[in-house]
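Shown here: target24.csv, CSV, C-alpha atoms and all ligand atoms.
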chain,number,residue,atom,x,y,z
A,1459,MET,CA,134.8,99.0,103.4
A,1460,ASP,CA,136.1,97.4,100.2
A,1461,PHE,CA,135.8,99.9,97.2
A,1462,LEU,CA,133.8,97.4,95.0
A,1463,THR,CA,131.5,96.5,97.8
A,1464,LEU,CA,130.7,100.2,98.4
A,1465,GLU,CA,130.0,100.6,94.7
A,1466,LYS,CA,127.6,97.6,94.7
A,1467,HIS,CA,125.8,99.0,97.7
A,1468,LEU,CA,125.5,102.5,96.2
A,1469,ASP,CA,124.4,101.2,92.8
A,1470,GLY,CA,121.7,99.2,94.6
A,1471,ILE,CA,120.5,102.0,96.9
A,1472,LEU,CA,120.3,104.5,94.0
A,1473,SER,CA,119.0,102.0,91.4
A,1474,ALA,CA,121.9,103.3,89.2
A,1475,PRO,CA,121.7,100.6,86.5
A,1476,GLU,CA,118.1,101.6,85.7
A,1477,PHE,CA,119.2,105.0,84.4
A,1478,ALA,CA,120.2,105.9,80.9
A,1479,ASP,CA,122.5,108.7,81.9
A,1480,TYR,CA,124.8,111.2,80.3
A,1481,GLY,CA,127.9,109.5,81.7
A,1482,PRO,CA,128.9,106.4,83.7
A,1483,ASN,CA,127.5,106.1,87.3
A,1484,GLY,CA,129.6,104.3,89.9
A,1485,ILE,CA,133.4,104.2,90.0
A,1486,GLN,CA,134.9,106.5,87.3
A,1487,VAL,CA,138.5,106.4,88.4
A,1488,GLU,CA,139.9,103.5,90.4
A,1489,ALA,CA,142.8,104.0,92.8
A,1490,VAL,CA,144.6,100.8,91.8
A,1491,GLY,CA,146.1,98.8,94.7
A,1492,LYS,CA,144.0,100.5,97.4
A,1493,PRO,CA,140.9,98.4,98.1
A,1494,GLU,CA,140.0,99.7,101.6
A,1495,ILE,CA,138.0,102.9,102.0
A,1496,ARG,CA,138.0,104.5,105.5
A,1497,LYS,CA,137.7,108.2,104.8
A,1498,MET,CA,135.5,109.6,102.1
A,1499,ALA,CA,134.9,113.1,100.7
A,1500,PHE,CA,131.7,114.3,99.1
A,1501,ALA,CA,131.2,117.2,96.7
A,1502,VAL,CA,128.8,118.4,93.9
A,1503,SER,CA,131.4,118.6,91.1
A,1504,SER,CA,134.8,117.0,90.3
A,1505,SER,CA,136.7,120.3,90.0
A,1506,LEU,CA,140.4,120.4,90.4
A,1507,ASP,CA,139.9,122.4,93.6
A,1508,VAL,CA,137.7,119.7,95.1
A,1509,ILE,CA,140.1,116.9,94.1
A,1510,GLN,CA,143.0,118.8,95.6
A,1511,LYS,CA,141.1,119.4,98.8
A,1512,ALA,CA,140.1,115.7,99.0
A,1513,ALA,CA,143.8,114.8,98.5
A,1514,SER,CA,145.1,117.2,101.1
A,1515,GLN,CA,142.7,115.7,103.7
A,1516,GLU,CA,143.8,112.2,102.7
A,1517,ALA,CA,140.5,110.9,101.5
A,1518,ASP,CA,140.4,107.3,100.1
A,1519,ALA,CA,137.4,108.1,98.0
A,1520,LEU,CA,135.6,111.1,96.5
A,1521,LEU,CA,131.9,110.9,95.6
A,1522,VAL,CA,130.5,113.6,93.3
A,1523,HIS,CA,127.2,114.3,91.5
A,1524,HIS,CA,129.1,115.6,88.4
A,1525,GLY,CA,131.9,113.2,87.4
A,1526,LEU,CA,134.8,113.6,85.0
A,1527,PHE,CA,133.4,111.5,82.2
A,1528,TRP,CA,130.3,112.1,80.1
A,1529,LYS,CA,129.2,110.8,76.7
A,1530,ASN,CA,132.2,112.0,74.6
A,1531,VAL,CA,135.6,110.4,74.8
A,1532,GLN,CA,138.2,113.0,75.7
A,1533,PRO,CA,142.0,112.9,75.5
A,1534,LEU,CA,143.6,113.1,79.0
A,1535,ARG,CA,145.1,116.5,78.6
A,1536,GLY,CA,145.3,119.8,80.6
A,1537,SER,CA,143.1,120.0,83.7
A,1538,LEU,CA,141.5,116.6,83.0
A,1539,ALA,CA,144.9,115.0,83.0
A,1540,LEU,CA,145.9,116.9,86.2
A,1541,LYS,CA,142.7,115.8,88.0
A,1542,ILE,CA,143.1,112.2,87.1
A,1543,SER,CA,146.8,112.1,88.0
A,1544,THR,CA,146.0,113.8,91.3
A,1545,LEU,CA,143.3,111.2,92.1
A,1546,MET,CA,145.7,108.3,91.1
A,1547,THR,CA,148.8,109.5,92.8
A,1548,SER,CA,146.8,110.4,96.0
A,1549,GLY,CA,145.1,107.0,96.0
A,1550,ILE,CA,141.5,108.4,95.7
A,1551,HIS,CA,138.7,106.4,94.1
A,1552,LEU,CA,136.3,108.7,92.2
A,1553,TYR,CA,132.6,107.7,92.4
A,1554,ALA,CA,129.9,109.6,90.4
A,1555,TYR,CA,126.2,109.4,90.7
A,1556,HIS,CA,124.2,111.8,88.5
A,1557,LEU,CA,120.6,111.2,87.5
A,1558,PRO,CA,120.1,108.4,90.1
A,1559,LEU,CA,120.9,111.0,92.8
A,1560,ASP,CA,118.5,113.6,91.3
A,1561,ALA,CA,115.7,111.1,91.2
A,1562,HIS,CA,116.1,109.3,94.5
A,1563,PRO,CA,112.9,109.8,96.6
A,1564,GLU,CA,114.6,109.8,100.0
A,1565,LEU,CA,118.2,111.0,99.4
A,1566,GLY,CA,118.0,112.9,96.1
A,1567,ASN,CA,118.2,116.6,95.1
A,1568,ASN,CA,114.4,117.0,94.6
A,1569,ALA,CA,112.0,115.1,96.9
A,1570,PRO,CA,113.9,115.9,100.2
A,1571,VAL,CA,113.7,119.7,99.4
A,1572,LEU,CA,109.9,119.4,99.2
A,1573,ARG,CA,109.8,117.6,102.5
A,1574,ARG,CA,112.0,120.3,104.1
A,1575,MET,CA,109.4,122.8,102.8
A,1576,GLY,CA,106.6,120.9,104.5
A,1577,ALA,CA,105.2,118.9,101.6
A,1578,GLU,CA,104.6,115.4,103.1
A,1579,ASN,CA,104.1,113.1,100.1
A,1580,PRO,CA,106.0,114.3,97.1
A,1581,GLU,CA,105.1,112.7,93.8
A,1582,ARG,CA,107.1,112.2,90.7
A,1583,LEU,CA,107.3,115.0,88.1
A,1584,ALA,CA,108.5,113.4,84.9
A,1585,ASP,CA,111.6,111.2,85.3
A,1586,ILE,CA,113.8,112.8,87.8
A,1587,GLY,CA,111.7,115.7,89.3
A,1588,PHE,CA,109.2,115.8,92.1
A,1589,MET,CA,106.2,117.9,93.1
A,1590,GLY,CA,104.3,118.3,96.3
A,1591,GLU,CA,101.7,120.3,98.2
A,1592,LEU,CA,102.7,122.6,101.1
A,1593,PRO,CA,100.5,122.1,104.2
A,1594,ALA,CA,98.6,125.3,103.3
A,1595,GLU,CA,98.4,128.0,100.7
A,1596,ILE,CA,101.0,130.7,101.5
A,1597,SER,CA,101.7,134.2,100.3
A,1598,VAL,CA,104.4,134.9,97.7
A,1599,GLU,CA,106.6,136.6,100.3
A,1600,SER,CA,106.4,133.6,102.6
A,1601,TYR,CA,107.1,131.3,99.7
A,1602,CYS,CA,110.2,133.1,98.6
A,1603,ARG,CA,111.5,133.2,102.2
A,1604,LEU,CA,110.9,129.5,102.5
A,1605,VAL,CA,112.8,128.7,99.3
A,1606,ASP,CA,115.7,130.9,100.3
A,1607,SER,CA,115.8,129.4,103.8
A,1608,VAL,CA,115.8,125.8,102.5
A,1609,TYR,CA,118.7,126.5,100.1
A,1610,GLY,CA,120.5,129.0,102.3
A,1611,ASN,CA,120.9,131.7,99.6
A,1612,ASN,CA,119.0,134.3,97.7
A,1613,ALA,CA,117.4,132.8,94.6
A,1614,ILE,CA,116.2,134.6,91.5
A,1615,HIS,CA,112.4,134.5,91.8
A,1616,ILE,CA,110.3,135.4,88.7
A,1617,ILE,CA,107.0,136.4,90.1
A,1618,PRO,CA,104.0,136.8,87.7
A,1619,GLU,CA,101.8,140.0,88.2
A,1620,GLU,CA,98.7,138.1,89.3
A,1621,ILE,CA,100.7,136.5,92.1
A,1622,LYS,CA,102.5,139.7,93.0
A,1623,SER,CA,99.2,141.5,93.4
A,1624,GLY,CA,98.2,138.9,96.0
A,1625,ASN,CA,95.4,137.4,94.0
A,1626,ARG,CA,96.8,133.9,94.3
A,1627,GLY,CA,98.7,131.9,96.9
A,1628,ILE,CA,101.2,129.2,96.5
A,1629,GLN,CA,100.7,125.5,97.5
A,1630,LYS,CA,101.7,123.1,94.8
A,1631,VAL,CA,105.5,123.2,94.1
A,1632,GLY,CA,107.6,121.3,91.5
A,1633,ILE,CA,111.4,120.8,91.6
A,1634,VAL,CA,114.0,119.6,89.1
A,1635,SER,CA,117.5,120.4,90.3
A,1636,GLY,CA,120.5,121.5,88.1
A,1637,ALA,CA,119.7,122.6,84.6
A,1638,GLY,CA,116.0,121.4,85.1
A,1639,TYR,CA,114.4,124.5,83.6
A,1640,SER,CA,113.3,122.4,80.6
A,1641,TYR,CA,110.8,120.7,82.9
A,1642,PHE,CA,109.1,124.0,83.7
A,1643,GLU,CA,106.4,123.4,81.1
A,1644,LYS,CA,105.6,119.9,82.5
A,1645,ALA,CA,105.3,121.5,86.0
A,1646,ILE,CA,102.9,124.1,84.6
A,1647,ALA,CA,100.8,121.3,82.9
A,1648,ALA,CA,100.8,119.4,86.2
A,1649,GLY,CA,99.2,122.4,88.0
A,1650,CYS,CA,102.1,123.6,90.0
A,1651,HIS,CA,101.9,127.2,91.4
A,1652,ALA,CA,105.7,127.4,91.6
A,1653,PHE,CA,108.7,125.7,90.1
A,1654,ILE,CA,112.3,125.5,91.4
A,1655,SER,CA,115.4,124.7,89.4
A,1656,GLY,CA,119.1,125.3,89.6
A,1657,GLU,CA,119.6,127.2,86.4
A,1658,SER,CA,117.4,129.3,84.2
A,1659,THR,CA,117.4,130.6,80.6
A,1660,GLU,CA,115.9,133.5,78.5
A,1661,TRP,CA,112.4,132.1,77.7
A,1662,VAL,CA,111.6,131.1,81.3
A,1663,TYR,CA,110.8,134.7,82.2
A,1664,ALA,CA,108.0,135.0,79.6
A,1665,MET,CA,106.7,131.5,80.3
A,1666,ALA,CA,106.4,132.2,84.1
A,1667,ARG,CA,104.5,135.4,83.5
A,1668,GLU,CA,102.2,134.0,80.8
A,1669,ALA,CA,101.4,130.8,82.9
A,1670,GLY,CA,101.1,132.7,86.2
A,1671,VAL,CA,103.6,130.3,87.8
A,1672,ILE,CA,106.6,131.4,89.9
A,1673,PHE,CA,110.0,130.3,88.7
A,1674,SER,CA,112.9,130.2,91.1
A,1675,ALA,CA,116.5,129.7,90.1
A,1676,VAL,CA,118.5,128.8,93.2
A,1677,GLY,CA,121.9,128.0,91.4
A,1678,HIS,CA,122.8,124.7,89.8
A,1679,ASN,CA,125.6,123.9,92.3
A,1680,LYS,CA,123.5,124.9,95.3
A,1681,SER,CA,120.5,122.9,94.1
A,1682,GLU,CA,122.6,119.7,94.0
A,1683,GLU,CA,124.3,120.0,97.4
A,1684,ILE,CA,121.4,118.3,99.1
A,1685,GLY,CA,121.7,115.0,97.4
A,1686,VAL,CA,125.4,114.5,98.0
A,1687,THR,CA,125.1,115.6,101.7
A,1688,ASN,CA,122.2,113.3,102.2
A,1689,LEU,CA,124.2,110.4,100.7
A,1690,MET,CA,127.2,111.4,102.8
A,1691,GLU,CA,125.1,111.2,106.0
A,1692,PHE,CA,123.7,107.8,104.8
A,1693,VAL,CA,127.2,106.4,104.2
A,1694,ARG,CA,128.5,107.6,107.5
A,1695,SER,CA,125.5,106.2,109.5
A,1696,GLN,CA,125.2,103.0,107.6
A,1697,TRP,CA,128.8,101.9,107.4
A,1698,GLY,CA,130.7,104.1,109.9
A,1699,LEU,CA,133.1,105.6,107.3
A,1700,GLU,CA,134.7,108.9,108.2
A,1701,THR,CA,133.1,111.5,105.8
A,1702,PHE,CA,133.4,115.2,105.0
A,1703,PHE,CA,131.8,117.6,102.5
A,1704,ILE,CA,133.8,119.9,100.2
A,1705,GLY,CA,131.6,122.9,99.4
A,1706,GLU,CA,132.4,125.3,96.6
A,1707,LYS,CA,131.7,129.0,96.4
A,1708,ASN,CA,130.1,128.5,93.0
A,1709,PRO,CA,127.4,131.1,92.4
A,1710,PHE,CA,126.0,129.4,89.3
B,1801,FE,FE,123.8,118.9,87.8
Would you mind writing the file's structure down as structure tokens?
Amino acid sequence: MDFLTLEKHLDGILSAPEFADYGPNGIQVEAVGKPEIRKMAFAVSSSLDVIQKAASQEADALLVHHGLFWKNVQPLRGSLALKISTLMTSGIHLYAYHLPLDAHPELGNNAPVLRRMGAENPERLADIGFMGELPAEISVESYCRLVDSVYGNNAIHIIPEEIKSGNRGIQKVGIVSGAGYSYFEKAIAAGCHAFISGESTEWVYAMAREAGVIFSAVGHNKSEEIGVTNLMEFVRSQWGLETFFIGEKNPF
């Protein structure tokens, strides 16, 4: 597949031009003189480790959720220079899709998690998040087990007293991946019994207890593996490219 054709397809599928993002979506680094993509790596972040692994496995392209360029212009020095020179000398196009991948209702980091948890028709929560109803009200123990099994790790769950004591079950769940804790108040206002994000911060503990809503921090990196692996599967099945995922042991 031609590298520009792939960008056009991905931009269209993810509605990328519709997002005012923190950085450019689409091709961030072009491997000049190498138009054809046959083998493509996928990862959450464009760390040096990820780029070196993509190079050692001779990928023609690397698609990440967190690209190398954000709002500020940076000089190409240190690890940034090394990452870009590795991409260029190895002939790897770097594609980045950030908010469009969080927000996508079928492939993204949020709605598909709710479907895996059993919520059939997730609805939008603010701009990039989703919320949905589990098929039945479940206990706090079952809920925490469900979240941990969907993400494959042990999340930090802040459980308010009234839920801990068994007085209330969990059915309506909101999700905003990554550093989505700032959406917690919106999820509470929308009537969610529980909210999932990647990261957390100090005030979340009190807000969860005061609102009587569970907050689960599953890890920023972990919360955003789902979107890139869904997109990887889509690219493989749609266009027959050879694909592979580069996971990182990033606990945050
Ligand atoms: Fe993120």
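Distance check against ligand FE 1801 (chain B) using all atoms listed in the file: of A:Asn1483, A:Ser1503, A:Ser1607, A:Ser1597, the minimum falls on A:Ser1503.
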Exercise answer, 9 Å around ligand FE 1801 (chain B) with all atoms listed in the file, as a list in words =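 These are the residues that qualify: Val1502, Ser1503, His1523, His1524, His1556, Leu1557, Asp1560, Ser1635, Gly1636, Ala1637, Gly1638, Gly1656, His1678, Asn1679, Ser1681 and Glu1682 of chain A.
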Expected file contents, prior selection, C-alpha atoms, as a PDB file, keeping the file's coordinate frame:
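Contents of out_20.pdb, freshly written:
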ATOM      1  CA  VAL A1502     128.800 118.400  93.900  1.00  0.00           C
ATOM      2  CA  SER A1503     131.400 118.600  91.100  1.00  0.00           C
ATOM      3  CA  HIS A1523     127.200 114.300  91.500  1.00  0.00           C
ATOM      4  CA  HIS A1524     129.100 115.600  88.400  1.00  0.00           C
ATOM      5  CA  HIS A1556     124.200 111.800  88.500  1.00  0.00           C
ATOM      6  CA  LEU A1557     120.600 111.200  87.500  1.00  0.00           C
ATOM      7  CA  ASP A1560     118.500 113.600  91.300  1.00  0.00           C
ATOM      8  CA  SER A1635     117.500 120.400  90.300  1.00  0.00           C
ATOM      9  CA  GLY A1636     120.500 121.500  88.100  1.00  0.00           C
ATOM     10  CA  ALA A1637     119.700 122.600  84.600  1.00  0.00           C
ATOM     11  CA  GLY A1638     116.000 121.400  85.100  1.00  0.00           C
ATOM     12  CA  GLY A1656     119.100 125.300  89.600  1.00  0.00           C
ATOM     13  CA  HIS A1678     122.800 124.700  89.800  1.00  0.00           C
ATOM     14  CA  ASN A1679     125.600 123.900  92.300  1.00  0.00           C
ATOM     15  CA  SER A1681     120.500 122.900  94.100  1.00  0.00           C
ATOM     16  CA  GLU A1682     122.600 119.700  94.000  1.00  0.00           C
TER      17      GLU A1682
END
Of the candidates A:Gly1677, A:Gly1632, A:Pro1563, A:Gly1525, which shows the shortest atom-to-atom distance to Ala1613 of chain A, using only C-alpha atoms?
-> A:Gly1677
Work out how far atom CA of Ile1628 of chain A is from atom CA of Cys1602 of chain A, in Å to one decimal.
->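 So the answer is 10.0 Å.
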Nearest to Ile1646 of chain A by atom-to-atom distance, counting only C-alpha atoms, from A:Ile1672, A:Ala1501, A:Ala1577, A:Ala1569 |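 Of the candidates, the smallest distance to Ile1646 of chain A is held by A:Ile1672.
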Would you mind listing what lies within 8 Å of Glu1578 of chain A as number ranges by chain, with only C-alpha atoms counted and same-chain residues fewer than 5 positions away left out?
-> A: 1572-1573, 1590-1593
Near Ala1675 of chain A, within 8 Å and counting all atoms listed in the file, which residues show up once chain neighbours fewer than 3 positions away are dropped, as a PyMOL selection string?
-> chain A and resi 1613-1615+1654-1658
For Pro1475 of chain A, work out the shell of residues within 12 Å, counting all atoms listed in the file and skipping chain neighbours fewer than 2 positions away, then give it as a list in words.
->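 Contacts, with the query itself left out: Glu1465, Lys1466, Leu1468, Asp1469, Gly1470, Ile1471, Leu1472, Ser1473, Phe1477, Ala1478, Asp1479, Gly1481, Pro1482, Asn1483, Gly1484, Tyr1555, His1556, Leu1557 and Pro1558 of chain A.
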For Leu1699 of chain A, the nearest of the candidates A:Val1686, A:Met1498, A:Gly1649, A:Met1575, counting all atoms listed in the file |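 Nearest candidate to Leu1699 of chain A out of A:Val1686, A:Met1498, A:Gly1649, A:Met1575: A:Met1498.
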Restricting to only C-alpha atoms, whichever of A:Glu1668, A:Asp1507, A:Glu1595, A:Glu1619 is closest to Lys1541 of chain A is A:Asp1507
Smallest atom-to-atom distance to Val1671 of chain A: which of A:His1551, A:Lys1630, A:Lys1707, A:Arg1582, using all atoms listed in the file?
-> A:Lys1630
Could you state the separation of atom CA of Leu1604 of chain A and atom CA of Val1522 of chain A in Å, given to one decimal place?
->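 Rounded to one decimal, the two atoms are 26.9 Å apart.
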Can you pull out every residue within 10 Å of Thr1544 of chain A, counting all atoms listed in the file, but drop anything in the same chain fewer than 5 positions away, and send it as a list in words?
-> Leu1506, Ile1509, Gln1510, Ala1512, Ala1513, Leu1538, Ala1539, Gly1549 and Ile1550 of chain A
Distance of atom CA of Leu1540 of chain A from atom CA of Pro1493 of chain A, expressed in Å to one decimal place = 22.6 Å
Can you pull out every residue within 7 Å of Ile1704 of chain A, counting all atoms listed in the file, but drop anything in the same chain fewer than 5 positions away, and send it as a PDB file with C-alpha atoms, in the frame of the given file?
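Result went into result20.pdb, see below:
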ATOM      1  CA  ALA A1499     134.900 113.100 100.700  1.00  0.00           C
ATOM      2  CA  PHE A1500     131.700 114.300  99.100  1.00  0.00           C
ATOM      3  CA  ALA A1501     131.200 117.200  96.700  1.00  0.00           C
ATOM      4  CA  VAL A1508     137.700 119.700  95.100  1.00  0.00           C
TER       5      VAL A1508
END
